[in-house]
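As stored in work-v9.cif (mmCIF, C-alpha atoms):
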```cif
data_work
#
loop_
_atom_site.label_atom_id
_atom_site.label_comp_id
_atom_site.auth_asym_id
_atom_site.auth_seq_id
_atom_site.Cartn_x
_atom_site.Cartn_y
_atom_site.Cartn_z
CA MET A 178 128.11 100.70 127.09
CA LYS A 179 125.21 101.65 129.33
CA SER A 180 123.00 98.84 130.49
CA SER A 181 119.43 99.21 131.66
CA ARG A 182 118.33 97.85 135.01
CA ARG A 183 115.20 95.76 134.91
CA GLN A 184 112.17 97.83 135.82
CA THR A 185 109.67 96.44 138.29
CA HIS A 186 106.21 97.85 138.73
CA SER A 187 106.66 98.70 142.44
CA SER A 188 107.28 102.30 141.40
CA LEU A 189 107.11 104.15 138.09
CA ASN A 190 109.22 107.03 139.44
CA LEU A 191 106.66 109.59 138.30
CA PRO A 192 107.18 113.23 139.35
CA GLU A 193 105.65 113.84 142.78
CA GLY A 194 102.43 115.79 143.08
CA ARG A 195 101.90 116.21 139.32
CA ARG A 196 98.79 115.55 137.23
CA PHE A 197 98.90 113.07 134.37
CA VAL A 198 97.04 112.35 131.13
CA VAL A 199 97.28 108.62 130.37
CA ALA A 200 97.05 107.70 126.68
CA PHE A 201 94.50 104.91 127.12
CA SER A 202 93.73 102.66 124.16
CA GLY A 203 92.23 99.97 126.36
CA GLY A 204 94.80 97.47 125.13
CA ILE A 205 96.84 95.35 127.49
CA ASP A 206 99.73 97.84 127.60
CA SER A 207 97.82 100.98 128.62
CA LEU A 208 95.72 98.90 131.04
CA ALA A 209 98.94 97.67 132.69
CA LEU A 210 100.26 101.23 132.92
CA VAL A 211 97.21 102.37 134.92
CA LEU A 212 97.41 99.25 137.13
CA MET A 213 101.06 100.04 137.89
CA MET A 214 100.29 103.58 138.97
CA LYS A 215 99.78 104.30 142.67
CA LYS A 216 96.24 105.05 143.80
CA GLU A 217 97.10 108.67 144.59
CA GLU A 218 98.64 109.04 141.12
CA ARG A 219 95.42 107.79 139.54
CA LYS A 220 93.43 110.32 141.52
CA ARG A 221 95.48 113.09 139.89
CA SER A 222 95.14 111.56 136.43
CA ALA A 223 92.77 111.24 133.50
CA ALA A 224 92.64 108.41 130.97
CA VAL A 225 92.08 109.68 127.41
CA TYR A 226 90.93 107.43 124.58
CA VAL A 227 91.38 108.78 121.04
CA ASP A 228 88.91 107.37 118.52
CA HIS A 229 90.55 107.59 115.07
CA SER A 230 87.42 106.33 113.27
CA LEU A 231 89.58 103.92 111.28
CA ARG A 232 87.94 100.63 112.29
CA PRO A 233 84.35 99.40 112.00
CA ARG A 234 82.05 101.45 114.24
CA GLU A 235 80.70 98.33 115.95
CA GLU A 236 84.22 97.26 116.98
CA LEU A 237 85.08 100.75 118.24
CA ASP A 238 81.86 101.09 120.27
CA GLU A 239 82.44 97.70 121.88
CA GLU A 240 86.02 98.71 122.72
CA ILE A 241 84.87 102.03 124.25
CA SER A 242 82.28 100.25 126.41
CA LEU A 243 84.97 97.90 127.76
CA ASN A 244 87.29 100.83 128.42
CA ILE A 245 84.58 102.67 130.38
CA ARG A 246 84.07 99.61 132.60
CA ASN A 247 87.83 99.18 133.17
CA ALA A 248 88.35 102.86 133.96
CA ARG A 249 85.51 102.72 136.47
CA ALA A 250 87.07 99.64 138.12
CA LEU A 251 90.41 101.45 138.35
CA SER A 252 88.85 104.67 139.72
CA ILE A 253 90.26 106.86 136.95
CA PRO A 254 88.09 109.18 134.85
CA LEU A 255 87.95 108.35 131.13
CA TYR A 256 87.52 110.93 128.36
CA ILE A 257 86.75 110.02 124.75
CA ILE A 258 88.13 112.22 121.96
CA ARG A 259 86.68 111.45 118.53
CA LEU A 260 88.65 112.50 115.47
CA GLY A 261 86.59 113.56 112.47
CA GLU A 262 85.65 110.87 109.99
CA GLY A 263 88.35 110.75 107.31
CA SER A 264 90.69 113.16 109.15
CA VAL A 265 93.49 110.58 109.35
CA SER A 266 93.29 109.75 105.64
CA LEU A 267 93.19 113.45 104.79
CA LEU A 268 96.35 114.20 106.79
CA ALA A 269 98.12 111.18 105.29
CA LYS A 270 97.34 112.49 101.80
CA GLU A 271 98.30 116.11 102.62
CA LYS A 272 101.62 115.15 104.23
CA ASP A 273 102.33 112.18 101.93
CA ILE A 274 102.75 109.86 104.93
CA GLY A 275 101.31 106.51 105.94
CA ILE A 276 97.98 106.05 107.74
CA GLU A 277 99.82 104.83 110.86
CA ALA A 278 102.01 107.96 110.99
CA ALA A 279 99.05 110.27 110.37
CA ALA A 280 97.01 108.60 113.13
CA ARG A 281 99.94 108.94 115.54
CA THR A 282 100.35 112.64 114.70
CA LEU A 283 96.67 113.43 115.28
CA ARG A 284 96.58 111.30 118.45
CA TYR A 285 99.47 113.17 120.07
CA GLU A 286 98.01 116.51 119.01
CA ALA A 287 94.70 115.59 120.67
CA LEU A 288 96.43 114.41 123.86
CA GLU A 289 98.54 117.57 124.09
CA ARG A 290 95.50 119.76 123.50
CA PHE A 291 93.63 117.98 126.30
CA ARG A 292 96.63 118.28 128.63
CA SER A 293 97.17 122.01 128.10
CA GLU A 294 93.47 122.95 128.15
CA ASN A 295 92.73 121.03 131.35
CA GLY A 296 95.77 121.89 133.46
CA TYR A 297 97.59 118.55 133.46
CA ASP A 298 101.38 118.39 133.67
CA PHE A 299 102.43 115.32 131.69
CA ILE A 300 101.24 112.76 129.14
CA LEU A 301 102.02 109.12 129.93
CA THR A 302 102.20 106.43 127.25
CA ALA A 303 102.56 102.67 127.70
CA HIS A 304 105.50 101.99 125.39
CA HIS A 305 107.51 99.01 126.68
CA LEU A 306 110.65 96.98 125.97
CA ASP A 307 109.21 95.08 123.00
CA ASP A 308 108.09 98.39 121.42
CA GLN A 309 111.67 99.63 121.73
CA SER A 310 113.03 96.50 120.06
CA GLU A 311 110.45 96.75 117.24
CA THR A 312 111.34 100.40 116.65
CA LEU A 313 115.09 99.73 116.45
CA LEU A 314 114.56 96.79 114.09
CA MET A 315 112.33 98.88 111.83
CA ARG A 316 114.92 101.64 111.63
CA MET A 317 117.83 99.27 111.11
CA LEU A 318 116.01 97.39 108.35
CA SER A 319 115.08 100.64 106.59
CA SER A 320 118.69 101.94 106.57
CA SER A 321 117.89 104.84 108.88
CA PRO A 322 120.87 106.99 109.95
CA PHE A 323 122.46 105.75 113.16
CA TRP A 324 121.19 108.66 115.27
CA ALA A 325 117.68 107.33 114.63
CA TRP A 326 118.75 104.28 116.64
CA ALA A 327 118.02 106.32 119.75
CA GLY A 328 114.62 104.71 119.28
CA ILE A 329 111.82 105.60 121.67
CA ARG A 330 112.95 108.11 124.26
CA ARG A 331 111.97 107.76 127.90
CA ARG A 332 111.20 111.47 128.21
CA GLU A 333 110.41 114.13 125.60
CA GLY A 334 109.18 117.45 126.97
CA ASN A 335 105.74 116.85 128.52
CA LEU A 336 105.74 113.21 127.41
CA ILE A 337 106.88 110.41 129.75
CA ARG A 338 107.09 106.68 128.97
CA PRO A 339 107.40 105.19 132.46
CA ILE A 340 107.30 101.45 131.57
CA LEU A 341 109.73 101.56 128.64
CA SER A 342 112.02 98.96 130.33
CA THR A 343 109.15 96.64 131.27
CA THR A 344 108.86 93.35 129.38
CA LYS A 345 105.70 92.26 127.60
CA ASP A 346 105.59 89.16 129.79
CA GLU A 347 105.51 91.25 132.94
CA ILE A 348 102.80 93.48 131.46
CA ARG A 349 100.72 90.38 130.74
CA ARG A 350 101.22 89.05 134.29
CA VAL A 351 100.12 92.37 135.82
CA VAL A 352 96.91 92.53 133.79
CA GLU A 353 96.03 88.84 134.13
CA LYS A 354 96.47 89.09 137.90
CA SER A 355 93.96 91.98 137.97
CA GLY A 356 91.27 89.88 136.29
CA LEU A 357 90.42 92.74 133.90
CA LYS A 358 89.83 92.12 130.20
CA TRP A 359 91.55 94.19 127.55
CA SER A 360 90.64 95.15 124.00
CA GLU A 361 92.46 93.95 120.88
CA ASP A 362 92.93 96.24 117.85
CA SER A 363 92.02 94.21 114.75
CA THR A 364 94.61 96.12 112.69
CA ASN A 365 97.39 94.55 114.80
CA SER A 366 97.00 91.37 112.73
CA ASP A 367 97.48 93.20 109.43
CA LEU A 368 100.96 92.13 108.29
CA SER A 369 101.06 94.79 105.57
CA TYR A 370 102.25 97.10 108.36
CA ARG A 371 105.99 96.60 108.81
CA ARG A 372 105.77 96.89 112.60
CA ASN A 373 103.17 94.09 112.76
CA TRP A 374 105.32 91.91 110.47
CA ILE A 375 108.35 92.42 112.72
CA ARG A 376 106.25 91.72 115.81
CA ARG A 377 104.95 88.50 114.34
CA ASN A 378 108.03 87.15 112.53
CA ILE A 379 111.16 88.48 114.24
CA LEU A 380 110.43 89.50 117.82
CA PRO A 381 109.51 86.02 119.09
CA SER A 382 112.99 84.78 118.16
CA LEU A 383 114.74 87.46 120.24
CA SER A 384 115.85 86.55 123.74
CA LEU A 385 115.34 88.91 126.67
CA GLU A 386 119.10 89.47 126.67
CA ALA A 387 118.96 90.58 123.01
CA LYS A 388 116.13 92.99 123.78
CA ARG A 389 118.09 94.43 126.72
CA THR A 390 121.08 94.87 124.40
CA MET A 391 118.93 96.78 121.92
CA GLU A 392 117.61 98.91 124.78
CA ALA A 393 121.19 99.69 125.78
CA ILE A 394 122.03 100.65 122.18
CA ALA A 395 119.08 103.05 122.12
CA GLU A 396 120.08 104.62 125.45
CA ASN A 397 123.69 105.03 124.36
CA VAL A 398 122.77 106.64 121.04
CA SER A 399 120.29 108.97 122.76
CA SER A 400 123.00 110.03 125.24
CA PHE A 401 125.40 111.18 122.50
CA PRO A 402 126.09 114.89 122.97
CA GLY A 403 124.42 116.98 120.32
CA THR A 404 123.81 120.56 119.28
CA GLN A 405 121.21 122.02 116.96
CA VAL A 406 122.47 123.64 113.78
CA ALA A 407 121.23 127.25 113.65
CA ALA A 408 118.47 127.54 111.06
CA GLU A 409 115.94 130.00 109.66
CA TYR A 410 112.64 128.76 108.25
CA HIS A 411 110.76 130.66 105.55
CA GLY A 412 107.38 129.06 104.97
CA SER A 413 107.53 125.66 103.30
CA PHE A 414 109.91 126.66 100.50
CA TRP A 415 113.20 127.88 102.00
CA VAL A 416 115.39 126.68 104.88
CA LYS A 417 118.57 128.58 105.66
CA LEU A 418 121.27 126.83 107.71
CA ASP A 419 124.07 128.84 109.27
CA ARG A 420 127.24 127.59 107.54
CA SER A 421 129.55 128.17 110.51
CA SER A 422 127.16 126.36 112.86
CA PHE A 423 126.82 123.48 110.39
CA LEU A 424 130.56 123.02 109.88
CA SER A 425 131.35 123.17 113.61
CA SER A 426 128.69 120.60 114.52
CA ARG A 427 129.16 116.85 114.90
CA PRO A 428 128.47 114.52 111.94
CA TRP A 429 125.16 113.26 113.37
CA ASP A 430 123.98 116.83 114.01
CA ARG A 431 124.78 117.71 110.39
CA GLU A 432 122.77 114.73 109.22
CA LYS A 433 119.82 115.72 111.41
CA ALA A 434 119.92 119.27 110.01
CA ILE A 435 119.98 117.96 106.42
CA PHE A 436 117.16 115.45 107.02
CA SER A 437 115.07 118.06 108.85
CA SER A 438 115.55 120.67 106.11
CA MET A 439 114.70 118.25 103.31
CA SER A 440 111.67 116.93 105.19
CA ARG A 441 110.34 120.44 105.82
CA LEU A 442 110.48 121.10 102.08
CA GLY A 443 108.41 118.01 101.35
CA ASN A 444 111.02 115.30 100.74
CA ARG A 445 109.66 111.87 101.76
CA ASP A 446 112.42 109.72 100.26
CA ARG A 447 115.44 108.26 102.00
CA ILE A 448 118.50 110.47 101.61
CA ARG A 449 121.47 108.48 100.38
CA ARG A 450 124.81 108.66 102.17
CA GLY A 451 126.39 109.96 98.98
CA VAL A 452 124.02 112.93 98.99
CA VAL A 453 124.86 113.74 102.62
CA ARG A 454 128.57 113.69 101.78
CA GLU A 455 128.00 115.90 98.72
CA ILE A 456 126.17 118.48 100.84
CA GLU A 457 128.93 118.43 103.45
CA LYS A 458 131.58 119.00 100.75
CA GLY A 459 129.54 121.84 99.23
CA ALA A 460 129.25 123.45 102.67
CA GLU A 461 133.02 123.19 103.13
CA ARG A 462 133.57 124.92 99.75
CA GLY A 463 130.98 127.60 100.41
CA SER A 464 130.00 127.70 96.73
CA GLY A 465 128.07 125.74 94.11
CA ARG A 466 124.76 123.92 94.16
CA THR A 467 123.18 120.48 94.48
CA GLU A 468 119.85 119.47 92.97
CA ILE A 469 117.79 116.64 94.46
CA GLY A 470 114.44 116.28 92.75
CA ASP A 471 112.49 119.48 93.37
CA ILE A 472 114.97 120.73 95.98
CA VAL A 473 117.96 122.96 95.17
CA ILE A 474 120.73 123.46 97.73
CA ARG A 475 122.94 126.54 97.34
CA TYR A 476 126.23 126.86 99.22
CA ARG A 477 127.21 130.40 100.20
CA LYS A 478 129.80 132.13 102.32
CA ASN A 479 127.57 132.35 105.39
CA SER A 480 124.75 129.92 104.73
CA ILE A 481 123.50 126.70 103.16
CA ASP A 482 120.14 127.41 101.52
CA PHE A 483 117.58 124.67 100.78
CA TYR A 484 114.89 125.77 98.29
CA CYS A 485 111.81 123.90 97.13
CA ILE A 486 111.16 124.51 93.43
CA PRO A 487 107.44 124.48 92.58
CA GLN A 488 106.10 122.58 89.63
CA PRO A 489 105.03 124.75 86.65
CA PHE A 490 101.74 126.52 87.34
CA LEU A 491 99.59 129.27 85.83
CA SER A 492 97.23 131.22 88.08
CA PRO A 493 94.97 134.13 86.97
CA TYR A 494 95.73 137.26 88.96
CA ARG A 495 92.87 137.86 91.40
CA GLY A 496 94.52 140.07 93.99
CA GLU A 497 94.82 138.43 97.38
CA GLU A 498 92.68 135.53 96.12
CA THR A 499 95.41 134.50 93.63
CA LEU A 500 96.35 130.85 94.21
CA LEU A 501 100.09 130.25 94.65
CA PRO A 502 102.07 127.10 95.50
CA LEU A 503 104.22 126.38 98.59
CA GLY A 504 102.02 128.28 101.04
CA LEU A 505 102.77 131.63 99.35
CA SER A 506 100.18 134.37 99.13
CA ILE A 507 99.64 137.74 97.43
CA SER A 508 99.47 140.85 99.58
CA THR A 509 98.00 144.10 98.21
CA GLU A 510 98.47 146.17 101.36
CA LYS A 511 100.76 149.17 101.17
CA GLY A 512 104.27 147.80 101.45
CA ASP A 513 107.76 149.20 102.00
CA SER A 514 109.88 151.11 99.47
CA LEU A 515 110.88 147.85 97.74
CA SER A 516 107.29 146.70 97.17
CA LEU A 517 106.11 146.81 93.57
CA ARG A 518 103.39 149.30 92.57
CA ILE A 519 101.75 147.84 89.48
CA PRO A 520 99.14 149.80 87.50
CA ASP A 521 95.66 148.35 87.04
CA SER A 522 96.19 148.10 83.29
CA ALA A 523 99.02 145.61 83.79
CA LEU A 524 96.98 143.50 86.23
CA LYS A 525 93.85 143.07 84.14
CA GLY A 526 94.06 139.70 82.38
CA ALA A 527 97.48 138.93 83.92
CA TYR A 528 98.74 135.62 85.30
CA ILE A 529 101.21 134.65 88.04
CA ARG A 530 103.46 131.71 87.28
CA LYS A 531 106.91 130.27 87.82
CA ASN A 532 109.65 131.62 85.57
CA SER A 533 110.91 129.56 82.64
CA GLU A 534 114.23 129.40 80.76
CA ASN A 535 113.53 132.07 78.11
CA ASP A 536 111.72 134.69 80.21
CA VAL A 537 112.80 138.28 79.52
CA ILE A 538 111.72 141.59 81.08
CA GLU A 539 112.24 145.16 79.81
CA LEU A 540 114.00 147.15 82.54
CA ARG A 541 115.30 150.71 82.50
CA ASP A 542 118.77 149.44 81.72
CA GLY A 543 117.50 147.28 78.86
CA GLU A 544 116.16 143.80 78.27
CA ARG A 545 117.20 141.18 80.85
CA LYS A 546 116.63 137.46 81.08
CA VAL A 547 114.95 136.44 84.30
CA SER A 548 117.46 133.60 84.52
CA SER A 549 120.33 136.12 84.60
CA LEU A 550 118.62 138.06 87.41
CA LEU A 551 118.29 134.83 89.34
CA LYS A 552 121.96 134.07 88.78
CA GLU A 553 122.92 137.41 90.33
CA TYR A 554 121.05 136.49 93.51
CA HIS A 555 121.98 132.78 93.46
CA LEU A 556 118.29 131.86 93.45
CA PRO A 557 116.72 128.76 91.86
CA TYR A 558 113.50 130.36 90.58
CA ALA A 559 111.16 133.37 90.76
CA MET A 560 107.47 134.14 90.34
CA VAL A 561 106.53 136.32 87.37
CA LEU A 562 103.49 138.40 86.45
CA GLU A 563 102.74 137.83 82.77
CA LYS A 564 100.27 139.53 80.44
CA GLY A 565 99.91 138.64 76.79
CA GLY A 566 103.24 136.83 76.74
CA ILE A 567 105.10 139.83 78.23
CA ILE A 568 106.73 139.70 81.68
CA GLU A 569 105.43 142.71 83.62
CA ALA A 570 107.09 141.93 86.97
CA VAL A 571 109.52 139.52 88.62
CA PHE A 572 109.09 138.59 92.30
CA MET A 573 112.21 137.44 94.14
CA SER A 574 112.18 139.24 97.51
CA PHE A 575 110.45 136.33 99.25
CA LEU A 576 113.57 134.29 98.38
CA GLY A 577 116.06 136.94 99.44
CA GLY A 578 116.39 138.68 96.04
CA ARG A 579 114.84 141.88 94.72
CA ASP A 580 111.54 142.34 92.90
CA ARG A 581 111.66 143.96 89.43
CA LEU A 582 109.05 145.90 87.43
CA ASP A 583 108.89 146.51 83.66
CA GLY A 584 110.54 149.87 82.87
CA ASP A 585 107.45 151.21 81.07
CA LEU A 586 105.36 150.72 84.22
CA ILE A 587 107.72 152.35 86.72
CA GLY A 588 106.34 155.53 88.22
CA LYS A 589 102.72 154.85 87.27
CA ASN A 590 100.10 154.67 90.01
CA GLY A 591 98.64 151.29 90.84
CA HIS A 592 98.30 148.54 93.37
CA THR A 593 101.15 147.58 95.70
CA ILE A 594 101.81 143.86 95.26
CA THR A 595 104.13 141.57 97.20
CA ILE A 596 104.45 137.80 97.50
CA ASN A 597 104.80 136.56 101.06
CA PRO A 598 105.03 133.26 102.91
CA GLU A 599 101.94 132.56 104.98
CA ASN A 600 103.94 130.94 107.78
CA SER A 601 107.44 132.29 108.15
#
```
Step by step, read the file and then write its structure as structure tokens.
Amino acid sequence: MKSSRRQTHSSLNLPEGRRFVVAFSGGIDSLALVLMMKKEERKRSAAVYVDHSLRPREELDEEISLNIRNARALSIPLYIIRLGEGSVSLLAKEKDIGIEAAARTLRYEALERFRSENGYDFILTAHHLDDQSETLLMRMLSSSPFWAWAGIRRREGNLIRPILSTTKDEIRRVVEKSGLKWSEDSTNSDLSYRRNWIRRNILPSLSLEAKRTMEAIAENVSSFPGTQVAAEYHGSFWVKLDRSSFLSSRPWDREKAIFSSMSRLGNRDRIRRGVVREIEKGAERGSGRTEIGDIVIRYRKNSIDFYCIPQPFLSPYRGEETLLPLGLSISTEKGDSLSLRIPDSALKGAYIRKNSENDVIELRDGERKVSSLLKEYHLPYAMVLEKGGIIEAVFMSFLGGRDRLDGDLIGKNGHTITINPENS
């Protein structure tokens, strides 16, 4: 098992001659990070404070004032980025995630935007040894898959965490020696957050040796060889995994591909081990299906297809202004030979909706159930154009099937209509 050497603050081993954005909250950790940097490194750096607008304005303004004074004392420029009022809550609601996760997402987006727009090379964050222990404990207690035990990584693309092996005690000594004051986030005392509860109730009982052991576990898990399963992404409703790539990958890479696919389609629940095994068996067979809530997984000869089934909806046809679920949209531009040309008479007063069990459409070769058409293409659903209780058209090409038009309408002039993903 790998073991981590204790990190001292004599050198952070930062890349030579590069420019850095320091994620600066003004707390003791980020203050210690700047103190540990060499003077010439600070000269090439910028401290960036992201105001999430989540705490009382008076508290935030007081914190910003302190941060400005500290940055001036450390000879590093400080930039304040204010997120829009309510933006964190809005993202949390849209993505069905917690406030903490939404704030983190927006914070990193803001830091990356600042870095790329201002010509800096890397973002530095002040994650330390206790943060690593907290993260591993959170994931272990929530039954996360073992590959999640890689915890906080020392380096991820443009992001570097140079004091990840530094203890909290050493961080405190560095800042206290400087004589500078640091800010305290009032939300850190809120024990409704699992991380705060772990920090308050479990972490104090862990010895330094135990924390080093957890650090070693994280480093060993992160060093496991891995490959990415080949995948195609179609908007927010269809993920296609290459079956050969999936079957030839290691167990933890299969799990990552499954978790990633399900998450992209909106799943926020833990995926049980039994479900993972069922998907692996289906992939080995290359046939059949698995249903998990609103997600259908189809096993084929060359692929494993994850589909998100929309809830029932009914939307009046209004051309390109028609509202569809899952990020889909109507296009009325002239399409290819497979695009449907639907006469105006069929569109007036029509609705777009999801198919249902008893849908039928009159085709040239006779009446067909939409469900039977879907079975031919191994698809979980379709969108239909309905007028007066009659199915005028069936849209399946956005799922890899073929669109169908009522036989009486074929050959008549009209609008070209297709359903497309907005973000393929």
Hits of the PyMOL selection byres ((chain A and resi 585) around 10) in this structure, as a CSV table (one decimal) with C-alpha atoms, keeping the file's coordinate frame:
```csv
chain,number,residue,atom,x,y,z
A,539,GLU,CA,112.2,145.2,79.8
A,540,LEU,CA,114.0,147.2,82.5
A,541,ARG,CA,115.3,150.7,82.5
A,569,GLU,CA,105.4,142.7,83.6
A,582,LEU,CA,109.0,145.9,87.4
A,583,ASP,CA,108.9,146.5,83.7
A,584,GLY,CA,110.5,149.9,82.9
A,586,LEU,CA,105.4,150.7,84.2
A,587,ILE,CA,107.7,152.4,86.7
A,588,GLY,CA,106.3,155.5,88.2
A,589,LYS,CA,102.7,154.8,87.3
```
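What the PyMOL selection byres ((chain A and resi 515-531) around 6) grabs from this file is Pro489, Phe490, Leu491, Ser492, Pro493, Tyr494, Gly512, Asp513, Ser514, Asn532, Met560, Val561, Leu562, Glu563, Lys564, Asn590, Gly591, His592, Thr593 and Ile594 of chain A.
Closest approach to Leu318 (chain A) among A:Arg427, A:Asp536, A:Ile375, A:Ser480: A:Ile375, based on only C-alpha atoms.
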**Q.** Residue members of the PyMOL selection byres ((chain A and resi 459) around 12) in the file shown, as a PyMOL selection string
**A.** chain A and resi 420+423-424+452-458+460-468+474-478+480-482
Please, which residues in region 457-478 of chain A fall within 10 Å of region 437-446 of chain A when counting only C-alpha atoms, and what is the closest atom pair and distance in Å to one decimal for each, ordered by chain then residue number, as CSV?
```
residue,atom,partner,partner_atom,distance
A:Ile469,CA,A:Asn444,CA,9.3
A:Gly470,CA,A:Asn444,CA,8.7
A:Asp471,CA,A:Asn444,CA,8.6
A:Ile472,CA,A:Leu442,CA,7.6
A:Val473,CA,A:Met439,CA,10.0
A:Ile474,CA,A:Met439,CA,9.7
```
Any chance you could export the current selection's C-alpha atoms as a PDB file, in the frame of the given file?
```
ATOM      1  CA  ILE A 469     117.790 116.640  94.460  1.00  0.00           C
ATOM      2  CA  GLY A 470     114.440 116.280  92.750  1.00  0.00           C
ATOM      3  CA  ASP A 471     112.490 119.480  93.370  1.00  0.00           C
ATOM      4  CA  ILE A 472     114.970 120.730  95.980  1.00  0.00           C
ATOM      5  CA  VAL A 473     117.960 122.960  95.170  1.00  0.00           C
ATOM      6  CA  ILE A 474     120.730 123.460  97.730  1.00  0.00           C
TER       7      ILE A 474
END
```
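Going from CA of Ser384 (chain A) over to CA of Thr344 (chain A), you cover 11.3 Å.
The two atoms in question, CA of Gln309 (chain A) and CA of Pro233 (chain A), are spaced 29.0 Å apart.
Ranking A:Ile245, A:Ala408, A:Leu341, A:Met573 by their shortest atom-to-atom distance to Glu553 (chain A), with only C-alpha atoms included, puts A:Met573 first.
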Neighbour list for Gln405 (chain A) as a JSON list (two decimals) with C-alpha atoms, in the frame of the given file, cut-off 12 Å, only C-alpha atoms, skip fewer than 3 positions in-chain:
```
[["chain", "number", "residue", "atom", "x", "y", "z"],
["A", 402, "PRO", "CA", 126.09, 114.89, 122.97],
["A", 408, "ALA", "CA", 118.47, 127.54, 111.06],
["A", 418, "LEU", "CA", 121.27, 126.83, 107.71],
["A", 419, "ASP", "CA", 124.07, 128.84, 109.27],
["A", 422, "SER", "CA", 127.16, 126.36, 112.86],
["A", 423, "PHE", "CA", 126.82, 123.48, 110.39],
["A", 424, "LEU", "CA", 130.56, 123.02, 109.88],
["A", 425, "SER", "CA", 131.35, 123.17, 113.61],
["A", 426, "SER", "CA", 128.69, 120.60, 114.52],
["A", 427, "ARG", "CA", 129.16, 116.85, 114.90],
["A", 428, "PRO", "CA", 128.47, 114.52, 111.94],
["A", 429, "TRP", "CA", 125.16, 113.26, 113.37],
["A", 430, "ASP", "CA", 123.98, 116.83, 114.01],
["A", 431, "ARG", "CA", 124.78, 117.71, 110.39],
["A", 432, "GLU", "CA", 122.77, 114.73, 109.22],
["A", 433, "LYS", "CA", 119.82, 115.72, 111.41],
["A", 434, "ALA", "CA", 119.92, 119.27, 110.01],
["A", 435, "ILE", "CA", 119.98, 117.96, 106.42],
["A", 437, "SER", "CA", 115.07, 118.06, 108.85]]
```
With N, CA, C and O atoms as the goal, would you fill in the gaps in region 227-237 of chain A and present it as a PDB file, in the frame of the given file?
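Result file is rebuild12.pdb:
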```pdb
ATOM      1  N   VAL A 227      91.527 108.063 122.303  1.00  0.00           N
ATOM      2  CA  VAL A 227      91.380 108.780 121.040  1.00  0.00           C
ATOM      3  C   VAL A 227      90.795 107.829 120.006  1.00  0.00           C
ATOM      4  O   VAL A 227      91.405 106.808 119.664  1.00  0.00           O
ATOM      5  N   ASP A 228      89.605 108.160 119.538  1.00  0.00           N
ATOM      6  CA  ASP A 228      88.910 107.370 118.520  1.00  0.00           C
ATOM      7  C   ASP A 228      89.274 107.914 117.145  1.00  0.00           C
ATOM      8  O   ASP A 228      88.866 108.997 116.756  1.00  0.00           O
ATOM      9  N   HIS A 229      90.080 107.142 116.386  1.00  0.00           N
ATOM     10  CA  HIS A 229      90.550 107.590 115.070  1.00  0.00           C
ATOM     11  C   HIS A 229      89.526 107.361 113.962  1.00  0.00           C
ATOM     12  O   HIS A 229      89.744 107.792 112.823  1.00  0.00           O
ATOM     13  N   SER A 230      88.451 106.647 114.276  1.00  0.00           N
ATOM     14  CA  SER A 230      87.420 106.330 113.270  1.00  0.00           C
ATOM     15  C   SER A 230      87.999 105.574 112.077  1.00  0.00           C
ATOM     16  O   SER A 230      87.581 105.770 110.937  1.00  0.00           O
ATOM     17  N   LEU A 231      88.939 104.676 112.356  1.00  0.00           N
ATOM     18  CA  LEU A 231      89.580 103.920 111.280  1.00  0.00           C
ATOM     19  C   LEU A 231      89.065 102.484 111.187  1.00  0.00           C
ATOM     20  O   LEU A 231      89.244 101.820 110.167  1.00  0.00           O
ATOM     21  N   ARG A 232      88.439 102.003 112.261  1.00  0.00           N
ATOM     22  CA  ARG A 232      87.940 100.630 112.290  1.00  0.00           C
ATOM     23  C   ARG A 232      86.417 100.629 112.237  1.00  0.00           C
ATOM     24  O   ARG A 232      85.792 101.674 112.413  1.00  0.00           O
ATOM     25  N   PRO A 233      85.813  99.457 112.028  1.00  0.00           N
ATOM     26  CA  PRO A 233      84.350  99.400 112.000  1.00  0.00           C
ATOM     27  C   PRO A 233      83.748  99.997 113.267  1.00  0.00           C
ATOM     28  O   PRO A 233      84.257  99.771 114.376  1.00  0.00           O
ATOM     29  N   ARG A 234      82.667 100.754 113.114  1.00  0.00           N
ATOM     30  CA  ARG A 234      82.050 101.450 114.240  1.00  0.00           C
ATOM     31  C   ARG A 234      81.636 100.488 115.344  1.00  0.00           C
ATOM     32  O   ARG A 234      81.780 100.785 116.533  1.00  0.00           O
ATOM     33  N   GLU A 235      81.140  99.314 114.960  1.00  0.00           N
ATOM     34  CA  GLU A 235      80.700  98.330 115.950  1.00  0.00           C
ATOM     35  C   GLU A 235      81.865  97.899 116.842  1.00  0.00           C
ATOM     36  O   GLU A 235      81.732  97.793 118.068  1.00  0.00           O
ATOM     37  N   GLU A 236      83.032  97.659 116.213  1.00  0.00           N
ATOM     38  CA  GLU A 236      84.220  97.260 116.980  1.00  0.00           C
ATOM     39  C   GLU A 236      84.658  98.376 117.912  1.00  0.00           C
ATOM     40  O   GLU A 236      84.998  98.131 119.074  1.00  0.00           O
ATOM     41  N   LEU A 237      84.645  99.613 117.419  1.00  0.00           N
ATOM     42  CA  LEU A 237      85.080 100.750 118.240  1.00  0.00           C
ATOM     43  C   LEU A 237      84.127 100.968 119.417  1.00  0.00           C
ATOM     44  O   LEU A 237      84.573 101.218 120.544  1.00  0.00           O
TER      45      LEU A 237
END
```
